Every structure is written in structure tokens, then in C-alpha cells.
file entry_39.cif (mmCIF, C-alpha atoms and all ligand atoms)
data_data
#
loop_
_atom_site.group_PDB
_atom_site.id
_atom_site.type_symbol
_atom_site.label_atom_id
_atom_site.label_comp_id
_atom_site.auth_asym_id
_atom_site.auth_seq_id
_atom_site.Cartn_x
_atom_site.Cartn_y
_atom_site.Cartn_z
ATOM 1 C CA MET A 1 185.100 116.410 170.330
ATOM 2 C CA ASN A 2 185.792 115.353 166.775
ATOM 3 C CA ILE A 3 187.885 118.107 165.140
ATOM 4 C CA GLN A 4 188.311 118.656 161.405
ATOM 5 C CA ILE A 5 190.695 121.331 160.167
ATOM 6 C CA VAL A 6 189.930 122.591 156.674
ATOM 7 C CA LYS A 7 191.649 124.965 154.277
ATOM 8 C CA ASP A 8 189.078 127.739 154.205
ATOM 9 C CA GLN A 9 185.424 128.636 154.661
ATOM 10 C CA ALA A 10 184.444 127.085 151.318
ATOM 11 C CA ALA A 11 185.944 123.741 152.391
ATOM 12 C CA GLY A 12 184.230 124.187 155.767
ATOM 13 C CA GLY A 13 180.928 124.518 153.933
ATOM 14 C CA ARG A 14 181.501 121.180 152.218
ATOM 15 C CA ALA A 15 182.581 119.499 155.475
ATOM 16 C CA GLY A 16 179.566 120.924 157.311
ATOM 17 C CA PHE A 17 177.259 119.790 154.519
ATOM 18 C CA GLN A 18 178.523 116.203 154.964
ATOM 19 C CA ILE A 19 177.594 116.302 158.646
ATOM 20 C CA PHE A 20 174.086 117.548 157.835
ATOM 21 C CA GLN A 21 173.707 114.889 155.145
ATOM 22 C CA GLN A 22 174.774 112.113 157.540
ATOM 23 C CA ALA A 23 172.386 113.344 160.235
ATOM 24 C CA LEU A 24 169.509 113.306 157.745
ATOM 25 C CA GLN A 25 170.478 109.818 156.556
ATOM 26 C CA GLN A 26 170.351 108.735 160.193
ATOM 27 C CA GLY A 27 166.809 110.078 160.520
ATOM 28 C CA ALA A 28 167.254 113.601 161.913
ATOM 29 C CA LYS A 29 163.912 115.431 161.900
ATOM 30 C CA VAL A 30 164.771 118.680 163.707
ATOM 31 C CA LEU A 31 167.701 120.895 162.701
ATOM 32 C CA GLY A 32 168.953 123.606 165.039
ATOM 33 C CA LEU A 33 170.219 126.531 162.977
ATOM 34 C CA ALA A 34 172.411 129.595 163.474
ATOM 35 C CA THR A 35 172.980 132.898 161.708
ATOM 36 C CA GLY A 36 176.080 135.078 161.246
ATOM 37 C CA SER A 37 178.858 134.843 158.692
ATOM 38 C CA THR A 38 180.085 131.352 159.661
ATOM 39 C CA PRO A 39 177.165 129.159 158.498
ATOM 40 C CA VAL A 40 176.740 130.834 155.110
ATOM 41 C CA THR A 41 178.855 128.369 153.107
ATOM 42 C CA ILE A 42 177.100 125.418 154.745
ATOM 43 C CA TYR A 43 173.734 126.919 153.773
ATOM 44 C CA ASP A 44 175.044 127.484 150.239
ATOM 45 C CA GLU A 45 175.901 123.779 150.016
ATOM 46 C CA LEU A 46 172.511 122.773 151.430
ATOM 47 C CA VAL A 47 170.728 125.056 148.941
ATOM 48 C CA ALA A 48 172.745 123.663 146.005
ATOM 49 C CA SER A 49 172.064 120.063 147.052
ATOM 50 C CA ASP A 50 169.091 117.861 146.258
ATOM 51 C CA LEU A 51 168.293 117.435 149.961
ATOM 52 C CA ASP A 52 164.626 117.936 150.752
ATOM 53 C CA PHE A 53 163.680 119.690 153.984
ATOM 54 C CA SER A 54 159.942 119.856 153.382
ATOM 55 C CA HIS A 55 159.271 117.181 156.019
ATOM 56 C CA LEU A 56 161.678 118.652 158.588
ATOM 57 C CA THR A 57 161.505 121.213 161.388
ATOM 58 C CA SER A 58 164.087 123.919 162.034
ATOM 59 C CA VAL A 59 164.663 125.712 165.328
ATOM 60 C CA ASN A 60 166.935 128.764 165.339
ATOM 61 C CA LEU A 61 169.154 129.749 168.216
ATOM 62 C CA ASP A 62 168.368 133.398 168.646
ATOM 63 C CA GLU A 63 166.937 136.711 167.464
ATOM 64 C CA TYR A 64 167.526 140.379 168.241
ATOM 65 C CA VAL A 65 164.877 141.959 170.443
ATOM 66 C CA GLY A 66 163.110 144.747 168.568
ATOM 67 C CA LEU A 67 163.778 143.588 165.012
ATOM 68 C CA GLY A 68 160.868 142.193 163.008
ATOM 69 C CA ALA A 69 161.045 139.528 160.299
ATOM 70 C CA ASP A 70 161.098 142.241 157.604
ATOM 71 C CA HIS A 71 164.190 144.001 159.070
ATOM 72 C CA PRO A 72 167.202 143.096 156.889
ATOM 73 C CA GLU A 73 169.414 142.496 159.936
ATOM 74 C CA SER A 74 166.902 140.321 161.768
ATOM 75 C CA TYR A 75 167.747 136.655 162.019
ATOM 76 C CA HIS A 76 164.326 135.812 160.548
ATOM 77 C CA TYR A 77 165.319 137.755 157.443
ATOM 78 C CA PHE A 78 168.778 136.152 157.325
ATOM 79 C CA MET A 79 167.337 132.643 157.442
ATOM 80 C CA GLN A 80 164.774 133.463 154.769
ATOM 81 C CA GLN A 81 167.478 134.842 152.505
ATOM 82 C CA HIS A 82 170.121 132.134 152.991
ATOM 83 C CA LEU A 83 168.021 129.006 153.407
ATOM 84 C CA PHE A 84 164.272 129.014 153.877
ATOM 85 C CA SER A 85 163.297 130.764 150.618
ATOM 86 C CA HIS A 86 165.358 128.151 148.724
ATOM 87 C CA LYS A 87 164.662 125.099 150.873
ATOM 88 C CA PRO A 88 161.420 125.419 152.817
ATOM 89 C CA PHE A 89 160.974 123.360 155.965
ATOM 90 C CA ALA A 90 157.625 121.957 157.138
ATOM 91 C CA GLN A 91 157.951 124.360 160.087
ATOM 92 C CA SER A 92 160.621 126.848 161.070
ATOM 93 C CA PHE A 93 160.891 128.416 164.508
ATOM 94 C CA VAL A 94 162.879 131.570 165.350
ATOM 95 C CA PRO A 95 162.391 133.568 168.576
ATOM 96 C CA ASP A 96 159.991 136.483 168.032
ATOM 97 C CA GLY A 97 162.054 139.634 168.555
ATOM 98 C CA MET A 98 158.899 141.745 168.361
ATOM 99 C CA ASN A 99 157.343 140.106 171.409
ATOM 100 C CA ALA A 100 158.082 142.688 174.116
ATOM 101 C CA ASP A 101 156.911 140.247 176.801
ATOM 102 C CA ALA A 102 160.205 138.476 177.500
ATOM 103 C CA ALA A 103 158.737 136.008 179.994
ATOM 104 C CA ALA A 104 156.048 134.925 177.521
ATOM 105 C CA GLU A 105 158.428 134.702 174.562
ATOM 106 C CA THR A 106 161.122 132.715 176.365
ATOM 107 C CA LYS A 107 158.483 130.319 177.749
ATOM 108 C CA ARG A 108 156.969 129.910 174.281
ATOM 109 C CA TYR A 109 160.373 129.110 172.834
ATOM 110 C CA ASP A 110 161.256 126.610 175.571
ATOM 111 C CA ASP A 111 157.976 124.864 174.751
ATOM 112 C CA VAL A 112 158.956 124.821 171.052
ATOM 113 C CA ILE A 113 162.296 123.171 171.934
ATOM 114 C CA ALA A 114 160.610 120.657 174.249
ATOM 115 C CA GLN A 115 158.135 119.720 171.514
ATOM 116 C CA HIS A 116 160.819 119.588 168.810
ATOM 117 C CA PRO A 117 164.000 118.196 170.374
ATOM 118 C CA VAL A 118 166.949 119.138 168.194
ATOM 119 C CA ASP A 119 168.784 116.308 166.427
ATOM 120 C CA LEU A 120 171.662 118.374 165.015
ATOM 121 C CA GLN A 121 172.494 121.876 166.288
ATOM 122 C CA LEU A 122 174.726 124.122 164.198
ATOM 123 C CA LEU A 123 176.699 126.767 166.122
ATOM 124 C CA GLY A 124 179.074 129.578 165.331
ATOM 125 C CA LEU A 125 181.546 130.750 167.975
ATOM 126 C CA GLY A 126 181.855 134.288 169.313
ATOM 127 C CA GLN A 127 185.301 135.836 169.745
ATOM 128 C CA ASN A 128 184.580 135.914 173.482
ATOM 129 C CA GLY A 129 183.575 132.243 173.498
ATOM 130 C CA HIS A 130 179.831 132.802 173.255
ATOM 131 C CA ILE A 131 177.455 130.300 171.684
ATOM 132 C CA GLY A 132 174.058 131.541 170.643
ATOM 133 C CA PHE A 133 173.957 134.829 172.533
ATOM 134 C CA ASN A 134 175.144 133.170 175.734
ATOM 135 C CA GLU A 135 177.798 135.622 176.799
ATOM 136 C CA PRO A 136 180.568 134.891 179.347
ATOM 137 C CA GLY A 137 179.062 134.381 182.794
ATOM 138 C CA THR A 138 175.830 132.777 181.555
ATOM 139 C CA ASP A 139 174.448 129.999 183.747
ATOM 140 C CA PRO A 140 175.334 126.681 182.052
ATOM 141 C CA ALA A 141 171.884 125.337 182.937
ATOM 142 C CA SER A 142 170.139 128.277 181.266
ATOM 143 C CA THR A 143 167.136 127.800 178.996
ATOM 144 C CA THR A 144 165.798 130.455 176.591
ATOM 145 C CA HIS A 145 166.336 133.926 178.036
ATOM 146 C CA LYS A 146 166.619 137.604 177.231
ATOM 147 C CA VAL A 147 170.255 138.649 176.964
ATOM 148 C CA ALA A 148 171.938 142.050 177.264
ATOM 149 C CA LEU A 149 174.626 141.905 174.578
ATOM 150 C CA THR A 150 178.197 142.669 175.656
ATOM 151 C CA ALA A 151 180.167 145.559 174.210
ATOM 152 C CA SER A 152 182.424 143.102 172.336
ATOM 153 C CA THR A 153 179.469 141.371 170.663
ATOM 154 C CA ILE A 154 177.862 144.707 169.758
ATOM 155 C CA GLU A 155 181.154 145.792 168.217
ATOM 156 C CA ALA A 156 181.602 142.473 166.347
ATOM 157 C CA ASN A 157 178.052 142.697 164.949
ATOM 158 C CA ALA A 158 178.279 146.390 164.046
ATOM 159 C CA ARG A 159 179.677 145.408 160.641
ATOM 160 C CA PHE A 160 176.170 144.325 159.659
ATOM 161 C CA PHE A 161 174.601 147.696 160.583
ATOM 162 C CA ASP A 162 175.181 151.267 159.400
ATOM 163 C CA ASN A 163 176.795 152.017 162.751
ATOM 164 C CA ALA A 164 177.255 150.479 166.191
ATOM 165 C CA ASN A 165 174.409 152.585 167.623
ATOM 166 C CA ASP A 166 171.972 150.697 165.407
ATOM 167 C CA VAL A 167 172.913 147.272 166.816
ATOM 168 C CA PRO A 168 170.140 146.062 169.135
ATOM 169 C CA ARG A 169 171.180 145.853 172.790
ATOM 170 C CA TYR A 170 169.163 142.748 173.637
ATOM 171 C CA ALA A 171 168.464 139.360 172.116
ATOM 172 C CA TYR A 172 166.401 136.287 172.888
ATOM 173 C CA SER A 173 168.621 133.227 172.905
ATOM 174 C CA MET A 174 168.405 129.554 173.614
ATOM 175 C CA GLY A 175 170.400 128.915 176.791
ATOM 176 C CA ILE A 176 173.532 126.823 177.196
ATOM 177 C CA GLY A 177 171.375 124.143 178.816
ATOM 178 C CA SER A 178 168.979 124.179 175.848
ATOM 179 C CA ILE A 179 171.851 123.877 173.356
ATOM 180 C CA LEU A 180 173.420 120.959 175.234
ATOM 181 C CA GLN A 181 170.172 118.994 174.895
ATOM 182 C CA ALA A 182 170.748 118.560 171.145
ATOM 183 C CA LYS A 183 171.675 114.989 170.200
ATOM 184 C CA GLU A 184 174.579 116.186 168.053
ATOM 185 C CA ILE A 185 176.300 119.579 167.876
ATOM 186 C CA LEU A 186 178.335 121.012 165.011
ATOM 187 C CA ILE A 187 180.369 124.103 165.899
ATOM 188 C CA VAL A 188 182.274 125.945 163.201
ATOM 189 C CA ALA A 189 184.863 128.752 163.449
ATOM 190 C CA TYR A 190 187.023 130.532 160.909
ATOM 191 C CA GLY A 191 189.752 133.152 161.155
ATOM 192 C CA ALA A 192 192.523 134.208 163.529
ATOM 193 C CA ALA A 193 190.135 136.388 165.565
ATOM 194 C CA LYS A 194 188.471 133.169 166.801
ATOM 195 C CA ALA A 195 191.732 131.318 167.616
ATOM 196 C CA ASP A 196 191.840 132.146 171.348
ATOM 197 C CA ALA A 197 188.160 131.263 171.787
ATOM 198 C CA VAL A 198 188.693 127.977 169.920
ATOM 199 C CA ALA A 199 191.622 127.007 172.167
ATOM 200 C CA ALA A 200 189.655 127.922 175.298
ATOM 201 C CA MET A 201 186.622 125.964 174.049
ATOM 202 C CA ILE A 202 188.582 122.778 173.348
ATOM 203 C CA GLN A 203 191.565 122.826 175.703
ATOM 204 C CA GLY A 204 190.667 125.264 178.462
ATOM 205 C CA PRO A 205 188.791 124.557 181.674
ATOM 206 C CA VAL A 206 185.009 124.184 181.543
ATOM 207 C CA THR A 207 183.990 127.574 182.886
ATOM 208 C CA PRO A 208 181.122 130.074 182.613
ATOM 209 C CA GLU A 209 183.762 132.544 181.369
ATOM 210 C CA VAL A 210 183.863 130.529 178.111
ATOM 211 C CA PRO A 211 180.314 129.375 177.330
ATOM 212 C CA ALA A 212 181.548 127.161 174.468
ATOM 213 C CA SER A 213 183.750 125.223 176.927
ATOM 214 C CA TYR A 214 180.543 123.461 178.080
ATOM 215 C CA LEU A 215 180.610 121.628 174.758
ATOM 216 C CA GLN A 216 183.385 119.532 176.337
ATOM 217 C CA THR A 217 180.639 117.997 178.500
ATOM 218 C CA HIS A 218 178.573 116.850 175.470
ATOM 219 C CA GLN A 219 179.103 113.381 174.017
ATOM 220 C CA ASN A 220 178.639 114.147 170.317
ATOM 221 C CA VAL A 221 180.311 117.362 169.148
ATOM 222 C CA GLN A 222 181.779 117.930 165.685
ATOM 223 C CA VAL A 223 184.155 120.886 165.271
ATOM 224 C CA ILE A 224 185.133 122.405 161.923
ATOM 225 C CA LEU A 225 187.960 124.975 161.935
ATOM 226 C CA ASP A 226 190.109 126.629 159.343
ATOM 227 C CA GLU A 227 193.847 126.741 159.971
ATOM 228 C CA ALA A 228 193.785 130.290 161.361
ATOM 229 C CA ALA A 229 191.049 129.428 163.880
ATOM 230 C CA ALA A 230 192.995 126.296 164.884
ATOM 231 C CA SER A 231 196.294 128.157 165.250
ATOM 232 C CA GLN A 232 196.259 128.483 169.061
ATOM 233 C CA LEU A 233 195.551 124.789 169.719
ATOM 234 C CA ALA A 234 198.429 123.100 171.548
HETATM 235 C C1 LIG B 301 174.173 133.426 165.574
HETATM 236 C C2 LIG B 301 174.763 133.211 166.884
HETATM 237 C C3 LIG B 301 176.124 133.706 167.260
HETATM 238 C C4 LIG B 301 177.162 133.564 166.151
HETATM 239 C C5 LIG B 301 178.521 134.041 166.601
HETATM 240 C C6 LIG B 301 179.561 133.991 165.485
HETATM 241 O O1 LIG B 301 172.886 132.841 165.479
HETATM 242 O O2 LIG B 301 174.119 132.646 167.702
HETATM 243 O O3 LIG B 301 176.565 132.991 168.394
HETATM 244 O O4 LIG B 301 177.231 132.223 165.760
HETATM 245 O O5 LIG B 301 178.436 135.364 167.074
HETATM 246 O O6 LIG B 301 179.179 134.895 164.493
HETATM 247 P P1 LIG B 301 179.900 134.947 163.065
HETATM 248 O O7 LIG B 301 179.601 133.628 162.414
HETATM 249 O O8 LIG B 301 179.259 136.076 162.325
HETATM 250 O O9 LIG B 301 181.354 135.113 163.331
#

call {"tool": "encode", "arguments": {"input": "entry_39.cif", "output": "C-alpha cells", "more": "lines below"}}
Ligand code: F6R
result
Amino acid sequence: MNIQIVKDQAAGGRAGFQIFQQALQQGAKVLGLATGSTPVTIYDELVASDLDFSHLTSVNLDEYVGLGADHPESYHYFMQQHLFSHKPFAQSFVPDGMNADAAAETKRYDDVIAQHPVDLQLLGLGQNGHIGFNEPGTDPASTTHKVALTASTIEANARFFDNANDVPRYAYSMGIGSILQAKEILIVAYGAAKADAVAAMIQGPVTPEVPASYLQTHQNVQVILDEAAASQLA
């Protein structure tokens, strides 16, 4: 893993932008994207840049089950707001949270990933070590699946909803196995609340209890941390 420690989230946005720019210079055609608070400064840098995505494909990690593209807390809506409305891609894929047929939706999304192999996958890190919505205990070989969110993830995401009862209980997520197929992975974490998960990801054993620890098995991982997130590294 190649680790960069930056001053704050704004500097992390600039560092993340550089990694996207390099990937595009090297011919990346498919970008794997994430939502949440972490990627926002990277998207701001991408939006402010003169990079052109109109010939590229994006594939998002995950979506809440039951939220449509017009719901302000859906990941479709987030991506539209932070990136796609400013920088349209030739095609953008996000799991369809309104497809109640989980078997059909997860199969459809695995086919999308197979047809559009990801060149650079951006990830945030959950406080419990999750990547995508792959919670502790997820099979490391997993492909796209329907996930029951843990209490800790529901609580962490409640800040985006009026109250915790409004947070969806399920999501569709790329699996750990799907994520590890990306040619290059960029994982970003900020803040002291992520420090234990960061240390476990980088220096702990590779274990299903810390889904992000499987990134130790990938050959091309870039890590961007602020000082607080890096504070538990030995
Ligand atoms: C989002 C995602 C999640 C988040 C993670 C961190 O698409 O898959 O794994 O990256 O929960 O979220 P933030 O960035 O809000 O701390």
C-alpha cells in the first residue's frame, strides 16, 4: 500500500485528484466511484478541473434498497449532485435500489462490472472497517449482494436523515471480491473516528472482521489519510 498523509480533507481532495488524473493519463476508461462525506473534496477538484469524462464509464459501489434516484439521500442523487450534473460520463452505473428483485439486480450489476472492468476504484472506509457496504463478516470472495446494514453503520449514516428510523436497513453493494478486481484502488479516510479502522486495515491481520484488510492482498492500493485518521498507525 502506498500511504500519503495529508493535512486535512481539502488537501486530501487535491491528492486524490492527482491519482485520478494520473489514471486517466494512463488510459483509464472505467472509474469506480463512492458516496459519503469522504469523496466530496475529490469530486470538487474533479468538477473544477478541465478533465473530460464524456468518453468514460463510471460504476458506483452501492445504493440503498428502497430509495429511488429522486430521493435526496439516495446514492444516485448524491452522484448527480456532486459529480454527474457537472461532469457527465458516457455511461454511469449505480445499483437500482428500487429493484425489489435482489437476485435479478445483483446479477445485473455483476454483469455491468464484468462488461466494464474498473480501472480505478475510489473507496471510503467505515468506522467498523467496511468498504462499500461490506460489513464485518462478509465473504472476501463476495460479488454484488444485498446487505443488511449493521447498527453501527445505520447510526453513522443517520446524520444524513431526519432520524435513524429513516435510514434504510438494506443496501445493494459490490462485494469485496468485486472491489478487489479493480486494477487500482484509492481508499481515503479522515478523522479520529476512522483511526482504529485505518490501523486494522493497514497493519492488522487480513480477516473478514475487517473487510478493508483485504486491500493488503491487492497489488496497487493508494491510501490517503489525514493526520487524525493516521494517528493509530504504529
Ligand atoms: C459509500 C460507501 C461507504 C462509505 C463509508 C465511509 O458509497 O460505500 O463504504 O465510503 O461508509 O463513509 P463516509 O465517507 O461518509 O465517512

call {"tool": "residues_around", "arguments": {"input": "entry_39.cif", "residues": "stretch 51-60 of chain A", "least_positions_apart": "4", "cutoff": "9 Å", "atoms": "all atoms listed in the file", "output": "PyMOL selection string"}}
result
chain A and resi 21+24+28-35+46-47+75-76+79+87-95+112-113+116+118+121+173-174

call {"tool": "residues_around", "arguments": {"input": "entry_39.cif", "residues": "A:Lys146", "least_positions_apart": "2", "cutoff": "8 Å", "atoms": "only C-alpha atoms", "output": "JSON, numbers by chain"}}
result
{"A": [102, 106, 144, 148, 170, 171, 172, 173]}

call {"tool": "write_last_selection", "arguments": {"input": "entry_39.cif", "atoms": "C-alpha atoms", "output": "PDB file, keeping the file's coordinate frame"}}
result
ATOM      1  CA  ALA A 102     160.205 138.476 177.500  1.00  0.00           C
ATOM      2  CA  THR A 106     161.122 132.715 176.365  1.00  0.00           C
ATOM      3  CA  THR A 144     165.798 130.455 176.591  1.00  0.00           C
ATOM      4  CA  ALA A 148     171.938 142.050 177.264  1.00  0.00           C
ATOM      5  CA  TYR A 170     169.163 142.748 173.637  1.00  0.00           C
ATOM      6  CA  ALA A 171     168.464 139.360 172.116  1.00  0.00           C
ATOM      7  CA  TYR A 172     166.401 136.287 172.888  1.00  0.00           C
ATOM      8  CA  SER A 173     168.621 133.227 172.905  1.00  0.00           C
TER       9      SER A 173
END

call {"tool": "resolve_selection", "arguments": {"input": "entry_39.cif", "expression": "the PyMOL selection byres (((chain A and resi 198) around 10) and not hetatm)", "output": "PyMOL selection string"}}
result
chain A and resi 125-129+188-190+192-197+199-204+210+212-213+223+225+229-233

call {"tool": "resolve_selection", "arguments": {"input": "entry_39.cif", "expression": "the PyMOL selection byres (((chain A and resi 215-220) around 10) and not hetatm)", "output": "CSV table (one decimal) with C-alpha atoms, keeping the file's coordinate frame"}}
result
chain,number,residue,atom,x,y,z
A,1,MET,CA,185.1,116.4,170.3
A,2,ASN,CA,185.8,115.4,166.8
A,120,LEU,CA,171.7,118.4,165.0
A,131,ILE,CA,177.5,130.3,171.7
A,176,ILE,CA,173.5,126.8,177.2
A,179,ILE,CA,171.9,123.9,173.4
A,180,LEU,CA,173.4,121.0,175.2
A,181,GLN,CA,170.2,119.0,174.9
A,182,ALA,CA,170.7,118.6,171.1
A,183,LYS,CA,171.7,115.0,170.2
A,184,GLU,CA,174.6,116.2,168.1
A,185,ILE,CA,176.3,119.6,167.9
A,186,LEU,CA,178.3,121.0,165.0
A,187,ILE,CA,180.4,124.1,165.9
A,201,MET,CA,186.6,126.0,174.0
A,202,ILE,CA,188.6,122.8,173.3
A,203,GLN,CA,191.6,122.8,175.7
A,204,GLY,CA,190.7,125.3,178.5
A,205,PRO,CA,188.8,124.6,181.7
A,206,VAL,CA,185.0,124.2,181.5
A,211,PRO,CA,180.3,129.4,177.3
A,212,ALA,CA,181.5,127.2,174.5
A,213,SER,CA,183.8,125.2,176.9
A,214,TYR,CA,180.5,123.5,178.1
A,221,VAL,CA,180.3,117.4,169.1
A,222,GLN,CA,181.8,117.9,165.7

call {"tool": "axis_aligned_box", "arguments": {"input": "entry_39.cif", "around": "ligand LIG 301 (chain B)", "padding_each_side": "4 Å", "output": "lines of an AutoDock Vina configuration file"}}
result
center_x = 177.1
center_y = 134.1
center_z = 165.4
size_x = 16.5
size_y = 11.9
size_z = 14.1

call {"tool": "resolve_selection", "arguments": {"input": "entry_39.cif", "expression": "the PyMOL selection byres (((chain A and resi 97) around 6) and not hetatm)", "output": "list of chain:residue names"}}
result
A:Glu63, A:Tyr64, A:Val65, A:Gly66, A:Leu67, A:Asp96, A:Met98, A:Asn99

call {"tool": "atom_distance", "arguments": {"input": "entry_39.cif", "atom1": "atom CA of A:Asp226", "atom2": "atom CA of A:Ser85"}}
result
28.5 Å

call {"tool": "closest_residue", "arguments": {"input": "entry_39.cif", "among": "A:Tyr77, A:Asn134, A:Ser178, A:Ala158", "to": "A:Ala114", "atoms": "all atoms listed in the file"}}
result
A:Ser178

call {"tool": "closest_residue", "arguments": {"input": "entry_39.cif", "among": "A:Val40, A:Ala228, A:Ala164, A:Leu61", "to": "A:Phe17", "atoms": "only C-alpha atoms"}}
result
A:Val40

call {"tool": "atom_distance", "arguments": {"input": "entry_39.cif", "atom1": "atom CA of A:Gly36", "atom2": "atom CA of A:Leu123"}}
result
9.7 Å

call {"tool": "residues_near_point", "arguments": {"input": "entry_39.cif", "point": "(180.4, 129.5, 153.2)", "cutoff": "9 Å", "atoms": "all atoms listed in the file", "output": "tab-separated table (two decimals) with C-alpha atoms, keeping the file's coordinate frame"}}
result
chain	number	residue	atom	x	y	z
A	8	ASP	CA	189.08	127.74	154.21
A	9	GLN	CA	185.42	128.64	154.66
A	10	ALA	CA	184.44	127.08	151.32
A	11	ALA	CA	185.94	123.74	152.39
A	12	GLY	CA	184.23	124.19	155.77
A	13	GLY	CA	180.93	124.52	153.93
A	14	ARG	CA	181.50	121.18	152.22
A	37	SER	CA	178.86	134.84	158.69
A	38	THR	CA	180.08	131.35	159.66
A	39	PRO	CA	177.16	129.16	158.50
A	40	VAL	CA	176.74	130.83	155.11
A	41	THR	CA	178.86	128.37	153.11
A	42	ILE	CA	177.10	125.42	154.74
A	43	TYR	CA	173.73	126.92	153.77
A	44	ASP	CA	175.04	127.48	150.24
A	45	GLU	CA	175.90	123.78	150.02

call {"tool": "decode", "arguments": {"input": "entry_39.cif", "residues": "stretch 97-119 of chain A", "atoms": "N, CA and C atoms", "output": "PDB file, in the first residue's frame"}}
result
ATOM      1  N   GLY A  97     -31.753   0.703  -6.470  1.00  0.00           N
ATOM      2  CA  GLY A  97     -32.353   0.442  -5.165  1.00  0.00           C
ATOM      3  C   GLY A  97     -33.847   0.185  -5.230  1.00  0.00           C
ATOM      4  N   MET A  98     -34.472   0.520  -6.348  1.00  0.00           N
ATOM      5  CA  MET A  98     -35.919   0.318  -6.476  1.00  0.00           C
ATOM      6  C   MET A  98     -36.246  -1.044  -7.087  1.00  0.00           C
ATOM      7  N   ASN A  99     -35.234  -1.801  -7.470  1.00  0.00           N
ATOM      8  CA  ASN A  99     -35.495  -3.149  -7.957  1.00  0.00           C
ATOM      9  C   ASN A  99     -35.634  -4.069  -6.747  1.00  0.00           C
ATOM     10  N   ALA A 100     -36.866  -4.492  -6.468  1.00  0.00           N
ATOM     11  CA  ALA A 100     -37.130  -5.320  -5.283  1.00  0.00           C
ATOM     12  C   ALA A 100     -36.642  -6.750  -5.476  1.00  0.00           C
ATOM     13  N   ASP A 101     -36.309  -7.112  -6.709  1.00  0.00           N
ATOM     14  CA  ASP A 101     -35.833  -8.466  -7.005  1.00  0.00           C
ATOM     15  C   ASP A 101     -34.316  -8.487  -6.820  1.00  0.00           C
ATOM     16  N   ALA A 102     -33.887  -8.856  -5.605  1.00  0.00           N
ATOM     17  CA  ALA A 102     -32.456  -8.764  -5.276  1.00  0.00           C
ATOM     18  C   ALA A 102     -31.612  -9.666  -6.167  1.00  0.00           C
ATOM     19  N   ALA A 103     -32.112 -10.856  -6.469  1.00  0.00           N
ATOM     20  CA  ALA A 103     -31.313 -11.781  -7.290  1.00  0.00           C
ATOM     21  C   ALA A 103     -31.092 -11.180  -8.674  1.00  0.00           C
ATOM     22  N   ALA A 104     -32.157 -10.585  -9.245  1.00  0.00           N
ATOM     23  CA  ALA A 104     -32.037 -10.007 -10.583  1.00  0.00           C
ATOM     24  C   ALA A 104     -31.116  -8.782 -10.562  1.00  0.00           C
ATOM     25  N   GLU A 105     -31.260  -7.944  -9.539  1.00  0.00           N
ATOM     26  CA  GLU A 105     -30.472  -6.712  -9.504  1.00  0.00           C
ATOM     27  C   GLU A 105     -28.984  -7.008  -9.277  1.00  0.00           C
ATOM     28  N   THR A 106     -28.682  -7.938  -8.390  1.00  0.00           N
ATOM     29  CA  THR A 106     -27.268  -8.225  -8.124  1.00  0.00           C
ATOM     30  C   THR A 106     -26.628  -8.905  -9.336  1.00  0.00           C
ATOM     31  N   LYS A 107     -27.397  -9.739 -10.040  1.00  0.00           N
ATOM     32  CA  LYS A 107     -26.880 -10.368 -11.266  1.00  0.00           C
ATOM     33  C   LYS A 107     -26.647  -9.302 -12.333  1.00  0.00           C
ATOM     34  N   ARG A 108     -27.614  -8.401 -12.487  1.00  0.00           N
ATOM     35  CA  ARG A 108     -27.461  -7.321 -13.472  1.00  0.00           C
ATOM     36  C   ARG A 108     -26.186  -6.528 -13.182  1.00  0.00           C
ATOM     37  N   TYR A 109     -25.964  -6.238 -11.905  1.00  0.00           N
ATOM     38  CA  TYR A 109     -24.817  -5.385 -11.580  1.00  0.00           C
ATOM     39  C   TYR A 109     -23.494  -6.137 -11.751  1.00  0.00           C
ATOM     40  N   ASP A 110     -23.479  -7.423 -11.436  1.00  0.00           N
ATOM     41  CA  ASP A 110     -22.262  -8.208 -11.708  1.00  0.00           C
ATOM     42  C   ASP A 110     -21.959  -8.223 -13.202  1.00  0.00           C
ATOM     43  N   ASP A 111     -23.006  -8.279 -14.025  1.00  0.00           N
ATOM     44  CA  ASP A 111     -22.789  -8.238 -15.477  1.00  0.00           C
ATOM     45  C   ASP A 111     -22.216  -6.881 -15.894  1.00  0.00           C
ATOM     46  N   VAL A 112     -22.728  -5.799 -15.272  1.00  0.00           N
ATOM     47  CA  VAL A 112     -22.197  -4.458 -15.562  1.00  0.00           C
ATOM     48  C   VAL A 112     -20.693  -4.422 -15.264  1.00  0.00           C
ATOM     49  N   ILE A 113     -20.312  -4.948 -14.094  1.00  0.00           N
ATOM     50  CA  ILE A 113     -18.891  -4.911 -13.686  1.00  0.00           C
ATOM     51  C   ILE A 113     -18.052  -5.775 -14.629  1.00  0.00           C
ATOM     52  N   ALA A 114     -18.594  -6.927 -15.027  1.00  0.00           N
ATOM     53  CA  ALA A 114     -17.840  -7.801 -15.938  1.00  0.00           C
ATOM     54  C   ALA A 114     -17.634  -7.123 -17.293  1.00  0.00           C
ATOM     55  N   GLN A 115     -18.662  -6.370 -17.735  1.00  0.00           N
ATOM     56  CA  GLN A 115     -18.557  -5.713 -19.039  1.00  0.00           C
ATOM     57  C   GLN A 115     -17.738  -4.430 -18.980  1.00  0.00           C
ATOM     58  N   HIS A 116     -17.610  -3.871 -17.779  1.00  0.00           N
ATOM     59  CA  HIS A 116     -16.884  -2.599 -17.610  1.00  0.00           C
ATOM     60  C   HIS A 116     -15.898  -2.750 -16.451  1.00  0.00           C
ATOM     61  N   PRO A 117     -14.818  -3.491 -16.664  1.00  0.00           N
ATOM     62  CA  PRO A 117     -13.876  -3.713 -15.557  1.00  0.00           C
ATOM     63  C   PRO A 117     -13.301  -2.373 -15.077  1.00  0.00           C
ATOM     64  N   VAL A 118     -13.269  -2.221 -13.773  1.00  0.00           N
ATOM     65  CA  VAL A 118     -12.912  -0.924 -13.186  1.00  0.00           C
ATOM     66  C   VAL A 118     -11.391  -0.723 -13.222  1.00  0.00           C
ATOM     67  N   ASP A 119     -10.983   0.434 -13.736  1.00  0.00           N
ATOM     68  CA  ASP A 119      -9.554   0.775 -13.768  1.00  0.00           C
ATOM     69  C   ASP A 119      -9.104   1.376 -12.449  1.00  0.00           C
TER      70      ASP A 119
END
